[in-house]
$ cat run-v1.txt   # compact mmCIF, C-alpha atoms
# COMPACT_ATOMS: atom_id res chain seq x y z
CA MET A 1 41.14 67.67 -93.61
CA SER A 2 42.96 64.68 -92.10
CA GLY A 3 46.53 63.43 -92.40
CA ASP A 4 45.85 61.44 -95.56
CA GLY A 5 44.49 64.51 -97.32
CA ALA A 6 40.89 63.36 -96.88
CA ARG A 7 38.18 65.64 -98.17
CA THR A 8 34.56 65.95 -97.16
CA VAL A 9 31.98 65.37 -99.90
CA ARG A 10 28.38 66.43 -99.70
CA ALA A 11 26.12 63.62 -100.93
CA GLY A 12 22.42 64.32 -100.61
CA ARG A 13 21.60 64.89 -96.94
CA ARG A 14 24.90 63.46 -95.72
CA THR A 15 28.56 64.28 -95.83
CA VAL A 16 31.07 61.50 -96.53
CA GLN A 17 34.80 61.47 -95.89
CA VAL A 18 36.89 60.52 -98.91
CA HIS A 19 40.33 59.29 -97.87
CA ARG A 20 43.42 59.56 -100.07
CA PRO A 21 41.48 61.18 -102.94
CA ASP A 22 44.67 61.57 -105.01
CA LYS A 23 45.38 57.84 -105.00
CA VAL A 24 45.34 56.45 -108.57
CA LEU A 25 42.84 53.60 -108.85
CA VAL A 26 42.64 53.18 -112.62
CA PRO A 27 45.52 54.11 -114.95
CA GLY A 28 44.88 56.14 -118.06
CA SER A 29 44.72 54.76 -121.57
CA PRO A 30 45.07 56.23 -125.07
CA GLU A 31 41.48 55.02 -125.63
CA SER A 32 40.25 57.45 -122.97
CA GLY A 33 41.25 60.50 -124.95
CA ASP A 34 43.62 62.43 -122.72
CA GLY A 35 45.06 59.29 -121.14
CA LYS A 36 44.44 60.75 -117.67
CA ASP A 37 44.66 58.48 -114.64
CA CYS A 38 41.46 58.04 -112.61
CA THR A 39 42.06 58.80 -108.94
CA LYS A 40 39.77 57.89 -106.06
CA GLY A 41 38.64 61.51 -106.06
CA ASP A 42 37.79 61.25 -109.76
CA LEU A 43 35.83 58.05 -109.10
CA VAL A 44 33.86 59.76 -106.32
CA ASP A 45 33.16 62.79 -108.52
CA TYR A 46 31.97 60.56 -111.37
CA TYR A 47 29.66 58.48 -109.19
CA ARG A 48 28.22 61.59 -107.52
CA ALA A 49 27.53 63.14 -110.94
CA VAL A 50 26.00 59.99 -112.45
CA ALA A 51 23.97 59.11 -109.34
CA PRO A 52 20.59 60.38 -110.68
CA PHE A 53 20.94 57.99 -113.63
CA LEU A 54 22.63 55.07 -111.83
CA LEU A 55 20.61 54.84 -108.61
CA PRO A 56 17.34 53.75 -110.29
CA HIS A 57 19.25 50.64 -111.44
CA LEU A 58 20.61 49.93 -107.95
CA ARG A 59 17.88 50.75 -105.44
CA GLY A 60 16.56 47.71 -103.62
CA ARG A 61 19.03 45.32 -105.24
CA PRO A 62 21.68 43.26 -103.43
CA LEU A 63 25.17 44.08 -104.67
CA MET A 64 28.49 42.37 -105.15
CA LEU A 65 31.29 44.94 -104.91
CA GLU A 66 34.47 44.69 -106.95
CA ARG A 67 37.05 46.45 -104.78
CA HIS A 68 40.58 47.49 -105.71
CA PRO A 69 42.06 49.12 -102.56
CA ASP A 70 45.53 49.35 -104.12
CA GLY A 71 44.29 50.24 -107.60
CA VAL A 72 43.40 47.92 -110.44
CA ASP A 73 46.99 46.68 -110.68
CA GLY A 74 46.76 45.37 -107.10
CA PRO A 75 44.66 42.62 -105.51
CA ARG A 76 40.97 42.46 -106.37
CA PHE A 77 38.29 41.66 -103.79
CA MET A 78 34.81 40.50 -104.78
CA GLN A 79 32.84 41.54 -101.69
CA LYS A 80 29.39 40.13 -100.98
CA ASN A 81 29.20 40.42 -97.19
CA THR A 82 28.89 43.93 -95.72
CA PRO A 83 31.69 44.66 -93.20
CA GLU A 84 30.67 45.56 -89.67
CA HIS A 85 32.43 48.93 -89.88
CA TYR A 86 30.19 50.24 -92.68
CA PRO A 87 27.96 53.11 -91.43
CA GLU A 88 24.61 52.12 -89.95
CA TRP A 89 22.78 54.28 -92.50
CA ILE A 90 23.85 52.00 -95.36
CA THR A 91 21.11 49.51 -96.22
CA ARG A 92 21.84 45.79 -95.83
CA VAL A 93 19.84 42.70 -96.69
CA GLU A 94 20.52 39.25 -95.29
CA LEU A 95 19.95 36.49 -97.82
CA ALA A 96 20.27 32.75 -97.77
CA LYS A 97 23.24 30.96 -99.27
CA GLU A 98 24.31 27.36 -99.09
CA GLY A 99 25.26 26.69 -95.48
CA GLY A 100 24.31 30.09 -94.11
CA THR A 101 23.51 33.69 -95.04
CA VAL A 102 25.16 36.70 -96.63
CA ARG A 103 24.50 40.31 -95.61
CA HIS A 104 24.63 42.16 -98.93
CA THR A 105 25.07 45.89 -99.29
CA VAL A 106 22.20 47.73 -101.01
CA CYS A 107 22.88 51.14 -102.57
CA ASP A 108 19.79 53.29 -102.17
CA ASP A 109 21.26 56.81 -102.18
CA THR A 110 24.11 59.03 -103.32
CA ALA A 111 25.83 58.95 -99.93
CA THR A 112 26.14 55.15 -100.12
CA LEU A 113 27.48 55.44 -103.66
CA VAL A 114 30.15 57.91 -102.53
CA TYR A 115 31.04 55.79 -99.50
CA LEU A 116 31.49 52.70 -101.70
CA ALA A 117 33.73 54.68 -104.05
CA ASP A 118 35.82 55.69 -101.03
CA GLN A 119 36.13 51.97 -100.27
CA ALA A 120 37.61 51.58 -103.79
CA ALA A 121 34.53 49.69 -104.98
CA VAL A 122 35.29 50.49 -108.61
CA THR A 123 32.62 48.25 -110.14
CA LEU A 124 29.12 47.52 -108.84
CA HIS A 125 27.56 44.19 -109.79
CA ARG A 126 23.82 43.99 -109.08
CA TRP A 127 21.29 41.21 -108.65
CA LEU A 128 18.52 40.96 -111.26
CA SER A 129 15.91 40.84 -108.49
CA ARG A 130 15.03 43.16 -105.62
CA THR A 131 15.07 42.61 -101.88
CA GLY A 132 11.29 42.33 -101.63
CA ALA A 133 11.21 39.32 -103.96
CA VAL A 134 14.75 38.02 -104.32
CA ASP A 135 13.67 34.84 -106.10
CA ARG A 136 11.68 36.73 -108.78
CA PRO A 137 13.88 38.70 -111.18
CA ASP A 138 12.54 41.81 -112.88
CA ARG A 139 15.39 41.88 -115.39
CA MET A 140 16.57 39.33 -117.94
CA VAL A 141 20.09 39.79 -119.33
CA PHE A 142 21.77 38.48 -122.48
CA ASP A 143 25.55 38.82 -122.44
CA LEU A 144 27.09 38.99 -125.92
CA ASP A 145 30.66 37.82 -125.43
CA PRO A 146 33.00 38.03 -128.45
CA ALA A 147 35.73 35.51 -129.19
CA GLY A 148 38.31 38.32 -129.26
CA ASP A 149 38.69 42.01 -128.38
CA ASP A 150 38.99 42.94 -132.07
CA ASP A 151 35.67 41.32 -132.99
CA PHE A 152 33.19 44.04 -132.09
CA ALA A 153 31.55 44.22 -135.51
CA ARG A 154 30.24 40.73 -134.81
CA VAL A 155 28.95 41.89 -131.40
CA ARG A 156 27.03 44.74 -133.04
CA GLU A 157 25.59 42.33 -135.59
CA ALA A 158 24.52 39.83 -132.91
CA ALA A 159 22.91 42.58 -130.83
CA GLY A 160 20.89 43.68 -133.84
CA LEU A 161 19.70 40.13 -134.52
CA LEU A 162 18.79 39.60 -130.87
CA GLY A 163 16.96 42.92 -130.72
CA GLU A 164 14.90 41.95 -133.78
CA LEU A 165 14.00 38.58 -132.28
CA LEU A 166 12.99 40.10 -128.94
CA GLU A 167 10.86 42.68 -130.74
CA ALA A 168 9.13 39.87 -132.62
CA LEU A 169 8.42 38.24 -129.25
CA GLY A 170 6.87 41.46 -127.94
CA LEU A 171 9.67 42.09 -125.44
CA PRO A 172 11.24 45.55 -125.13
CA ALA A 173 15.02 45.38 -124.90
CA ALA A 174 17.70 47.87 -123.92
CA PRO A 175 21.34 47.60 -125.07
CA MET A 176 24.43 48.68 -123.13
CA THR A 177 28.17 48.41 -123.46
CA THR A 178 29.79 46.36 -120.71
CA GLY A 179 32.87 48.56 -120.50
CA SER A 180 34.88 45.37 -120.93
CA ARG A 181 34.55 43.28 -124.13
CA GLY A 182 30.95 42.90 -125.20
CA LEU A 183 27.38 44.12 -124.85
CA HIS A 184 24.45 43.36 -122.58
CA VAL A 185 20.85 43.37 -123.78
CA VAL A 186 18.45 43.92 -120.87
CA VAL A 187 14.75 42.97 -120.89
CA PRO A 188 12.35 44.27 -118.18
CA LEU A 189 10.14 41.60 -116.58
CA ASN A 190 7.09 41.86 -114.36
CA GLY A 191 8.74 39.97 -111.48
CA ARG A 192 6.25 37.07 -111.51
CA HIS A 193 8.60 34.36 -112.81
CA ASP A 194 11.32 32.61 -110.83
CA PHE A 195 14.93 32.42 -111.91
CA ASP A 196 14.65 28.94 -113.39
CA GLU A 197 11.80 30.07 -115.65
CA VAL A 198 13.65 33.20 -116.74
CA ARG A 199 16.95 31.47 -117.43
CA GLY A 200 15.16 28.64 -119.26
CA PHE A 201 13.33 31.11 -121.48
CA ALA A 202 16.50 33.13 -122.13
CA ARG A 203 18.26 29.92 -123.14
CA GLU A 204 15.46 29.07 -125.59
CA VAL A 205 15.76 32.53 -127.15
CA ALA A 206 19.54 32.20 -127.43
CA ASP A 207 19.30 28.66 -128.84
CA THR A 208 16.78 29.84 -131.42
CA LEU A 209 19.06 32.66 -132.55
CA ALA A 210 22.15 30.46 -132.60
CA ALA A 211 20.32 27.80 -134.65
CA ALA A 212 19.42 30.46 -137.22
CA HIS A 213 23.06 31.62 -137.46
CA PRO A 214 25.16 28.56 -136.54
CA ASP A 215 28.30 29.86 -138.24
CA ARG A 216 28.29 33.12 -136.25
CA LEU A 217 26.59 32.46 -132.89
CA THR A 218 26.75 29.76 -130.21
CA THR A 219 25.39 28.90 -126.77
CA ALA A 220 28.23 26.46 -126.04
CA ALA A 221 29.39 27.00 -122.46
CA ARG A 222 32.87 25.57 -123.08
CA LYS A 223 35.28 27.88 -124.84
CA LYS A 224 36.83 25.03 -126.79
CA ASP A 225 33.42 24.32 -128.38
CA ARG A 226 32.84 27.90 -129.56
CA GLY A 227 35.58 28.37 -132.13
CA ASP A 228 35.46 31.97 -133.35
CA ARG A 229 31.70 32.24 -132.87
CA LEU A 230 30.14 34.82 -130.57
CA TYR A 231 28.84 33.38 -127.29
CA LEU A 232 25.25 34.16 -126.27
CA ASP A 233 25.56 33.89 -122.49
CA VAL A 234 22.39 33.63 -120.38
CA GLN A 235 23.99 32.29 -117.18
CA ARG A 236 23.57 35.58 -115.33
CA ASN A 237 19.86 34.83 -115.11
CA GLY A 238 20.21 32.71 -111.99
CA TYR A 239 19.61 33.17 -108.27
CA ALA A 240 22.49 35.09 -106.63
CA GLN A 241 24.11 35.73 -110.02
CA THR A 242 24.95 39.33 -110.83
CA ALA A 243 25.37 41.59 -113.84
CA VAL A 244 27.38 44.79 -114.06
CA ALA A 245 25.15 47.77 -113.30
CA PRO A 246 24.46 50.42 -115.95
CA PHE A 247 26.81 53.42 -115.59
CA THR A 248 29.29 51.57 -113.39
CA VAL A 249 33.06 51.92 -113.93
CA ARG A 250 35.14 48.95 -115.04
CA ALA A 251 38.58 48.17 -113.68
CA ARG A 252 40.40 48.62 -116.97
CA PRO A 253 42.85 51.26 -118.22
CA GLY A 254 41.05 54.47 -119.12
CA ALA A 255 38.19 53.81 -116.62
CA PRO A 256 35.60 52.70 -119.21
CA VAL A 257 31.96 52.67 -118.14
CA ALA A 258 29.19 50.14 -118.75
CA THR A 259 26.92 52.51 -120.64
CA PRO A 260 23.34 52.31 -121.95
CA PHE A 261 22.87 53.43 -125.54
CA SER A 262 20.00 53.65 -128.00
CA TRP A 263 19.35 51.10 -130.74
CA ASP A 264 20.10 53.83 -133.31
CA GLN A 265 23.63 54.09 -131.89
CA LEU A 266 24.20 50.41 -132.64
CA ASP A 267 24.73 51.42 -136.28
CA ASP A 268 27.72 53.57 -135.38
CA PRO A 269 30.87 51.73 -136.55
CA ALA A 270 32.80 53.55 -133.82
CA LEU A 271 30.76 51.82 -131.12
CA HIS A 272 32.77 49.40 -128.99
CA ALA A 273 32.61 47.93 -125.49
CA ARG A 274 34.74 50.71 -123.98
CA ARG A 275 33.26 53.55 -126.02
CA TRP A 276 32.35 55.65 -122.94
CA THR A 277 34.54 56.45 -119.94
CA VAL A 278 34.23 58.49 -116.74
CA ALA A 279 34.99 61.51 -118.95
CA ASP A 280 31.82 61.32 -121.07
CA ALA A 281 29.41 58.70 -119.67
CA VAL A 282 27.40 61.32 -117.74
CA GLU A 283 26.88 63.25 -120.98
CA GLN A 284 25.58 60.05 -122.60
CA ALA A 285 23.33 59.41 -119.59
CA ARG A 286 21.72 62.82 -119.99
CA THR A 287 20.48 61.83 -123.47
CA ASP A 288 18.20 59.24 -121.78
CA PRO A 289 19.15 56.49 -124.27
CA TRP A 290 16.73 53.94 -122.73
CA LYS A 291 13.79 56.34 -122.60
CA GLY A 292 10.66 54.29 -121.89
CA LEU A 293 12.31 50.92 -122.61
CA LEU A 294 12.31 49.67 -119.01
CA SER A 295 9.16 51.38 -117.80
CA ARG A 296 6.87 48.34 -117.91
CA GLY A 297 8.00 44.81 -117.18
CA ARG A 298 6.54 42.05 -119.31
CA ALA A 299 5.23 38.57 -118.60
CA LEU A 300 6.94 35.70 -120.41
CA GLY A 301 3.78 33.74 -121.24
CA PRO A 302 2.84 35.66 -124.42
CA ALA A 303 6.49 35.82 -125.51
CA ARG A 304 6.85 32.05 -125.03
CA ARG A 305 3.83 31.41 -127.22
CA ARG A 306 5.26 33.66 -129.93
CA LEU A 307 8.61 31.89 -129.66
CA ASP A 308 6.96 28.47 -129.98
CA ALA A 309 5.14 29.69 -133.07
CA LEU A 310 8.36 31.00 -134.60
CA ARG A 311 10.09 27.70 -133.96
CA GLY A 312 7.24 25.85 -135.66
$ encode --input "run-v1.txt" --output "structure tokens"
Amino acid sequence: MSGDGARTVRAGRRTVQVHRPDKVLVPGSPESGDGKDCTKGDLVDYYRAVAPFLLPHLRGRPLMLERHPDGVDGPRFMQKNTPEHYPEWITRVELAKEGGTVRHTVCDDTATLVYLADQAAVTLHRWLSRTGAVDRPDRMVFDLDPAGDDDFARVREAAGLLGELLEALGLPAAPMTTGSRGLHVVVPLNGRHDFDEVRGFAREVADTLAAAHPDRLTTAARKKDRGDRLYLDVQRNGYAQTAVAPFTVRARPGAPVATPFSWDQLDDPALHARRWTVADAVEQARTDPWKGLLSRGRALGPARRRLDALRG
């Protein structure tokens, strides 16, 4: 025990020091049930508990870390480059960027997850590709972004329509809350297409859906062109772009969690973007809501042919 009240946490084969565990990082909210604040110690305990379900979505993927050293009411740091003082046992990957390189953190184990929580990395944003083939994504993400926070019925409707279209294209799809405002729909790919191909295909799917429901859905990038329509955002499907990782905490009151759920749960009128928090997301994870959905990545060729046929 050190002067700041640090505690030692066992994480797999390693022990990690957690400093100032009583420091409040995320304030409570009436939405979170008991309205309890989330301390750094709570964040560490959550990430250690959810690690078996979260790590499969992180291993081998470059990360962008959303850090809040003074809590979510203080300055926010979006960290791509791994600081020199991080332990040598944390995996890094050096990737090209315009004018140089970035040494991204990669979270491969529970000890890294705990260490990042100690660094007040509240939210983990992951690449859609892995370090062995960074230019070939194995995930495609549709971000359903509502016009307002009180418009979640329209998000649920759009997710259902998108799920039906993807099923018709022969693409398995897995829905999750973002913990913020909307939903993500994730499609597993076989990693043989580059980012331009994937984003182009995602845009065609979104355009097709928006054309079928022009009064409710849009792919307009400018907010002023959307009106009150729900935005089908495919821009995350680009090189070096990131998407919030499943089971990661969001920096909002109540510590909501970006949480996978089953398509059956989409029918629940109580479903909303911040439905699960650090208090109950592990319980949801244990139900294995995406069982089998991401087990086999698909090629886009057959889906493109089906889409062309649907579009006539």
$ closest_residue --input "run-v1.txt" --among "A:Phe77, A:Tyr115, A:Trp290, A:Phe152" --to "Arg229 of chain A" --atoms "all atoms listed in the file"
A:Phe152
$ residues_around --input "run-v1.txt" --residues "Ala221 of chain A" --least-positions-apart "4" --cutoff "8 Å" --atoms "all atoms listed in the file" --output "JSON, numbers by chain"
{"A": [225, 226, 233]}
$ closest_residue --input "run-v1.txt" --among "A:His193, A:Thr82, A:Leu266, A:Pro30" --to "Thr101 of chain A" --atoms "all atoms listed in the file"
A:Thr82
$ closest_residue --input "run-v1.txt" --among "A:Ala299, A:Ala220, A:Ala11, A:Val93" --to "Gly191 of chain A" --atoms "only C-alpha atoms"
A:Ala299
$ closest_residue --input "run-v1.txt" --among "A:Asp42, A:Asp288, A:Asp135, A:Asp215" --to "Tyr239 of chain A" --atoms "only C-alpha atoms"
A:Asp135
$ axis_aligned_box --input "run-v1.txt" --around "segment 39-55 of chain A" --padding-each-side "8 Å" --output "lines of an AutoDock Vina configuration file"
center_x = 31.3
center_y = 59.0
center_z = -109.8
size_x = 37.5
size_y = 24.3
size_z = 23.6
$ residues_around --input "run-v1.txt" --residues "Arg306 of chain A" --least-positions-apart "4" --cutoff "8 Å" --atoms "all atoms listed in the file" --output "short mmCIF file (atom, residue, chain, number, x, y, z; two decimals) with C-alpha atoms, in the coordinates of the input"
data_model
loop_
_atom_site.label_atom_id
_atom_site.label_comp_id
_atom_site.auth_asym_id
_atom_site.auth_seq_id
_atom_site.Cartn_x
_atom_site.Cartn_y
_atom_site.Cartn_z
CA ALA A 168 9.13 39.87 -132.62
CA LEU A 169 8.42 38.24 -129.25
CA PRO A 302 2.84 35.66 -124.42
CA LEU A 310 8.36 31.00 -134.60
#
$ residues_around --input "run-v1.txt" --residues "Ala158 of chain A" --least-positions-apart "3" --cutoff "10 Å" --atoms "all atoms listed in the file" --output "list in words"
Leu144, Asp145, Pro146, Phe152, Ala153, Arg154, Val155, Leu161, Leu162, Gly163, Glu164, Leu183, Leu209, Ala210, His213, Arg216, Leu217, Leu230, Tyr231 and Leu232 of chain A
$ closest_residue --input "run-v1.txt" --among "A:Val134, A:Val187, A:Ala159, A:Ala309" --to "Asp264 of chain A" --atoms "all atoms listed in the file"
A:Ala159
$ residues_around --input "run-v1.txt" --residues "Glu283 of chain A" --least-positions-apart "4" --cutoff "12 Å" --atoms "all atoms listed in the file" --output "list in words"
Tyr46, Ala49, Val50, Phe53, Phe247, Thr259, Pro260, Phe261, Trp276, Thr277, Val278, Ala279, Thr287, Asp288 and Pro289 of chain A
$ closest_residue --input "run-v1.txt" --among "A:Arg61, A:Arg14, A:His85, A:Arg76" --to "His104 of chain A" --atoms "only C-alpha atoms"
A:Arg61
$ atom_distance --input "run-v1.txt" --atom1 "atom CA of Gly312 of chain A" --atom2 "atom CA of Ala174 of chain A"
27.1 Å
$ atom_distance --input "run-v1.txt" --atom1 "atom CA of Asp45 of chain A" --atom2 "atom CA of Gln241 of chain A"
28.6 Å
$ residues_around --input "run-v1.txt" --residues "Asp118 of chain A" --least-positions-apart "6" --cutoff "10 Å" --atoms "only C-alpha atoms" --output "ChimeraX atom specification"
/A:16-21,40-41,43-44,69,112
$ atom_distance --input "run-v1.txt" --atom1 "atom CA of Arg192 of chain A" --atom2 "atom CA of Gly301 of chain A"
10.6 Å
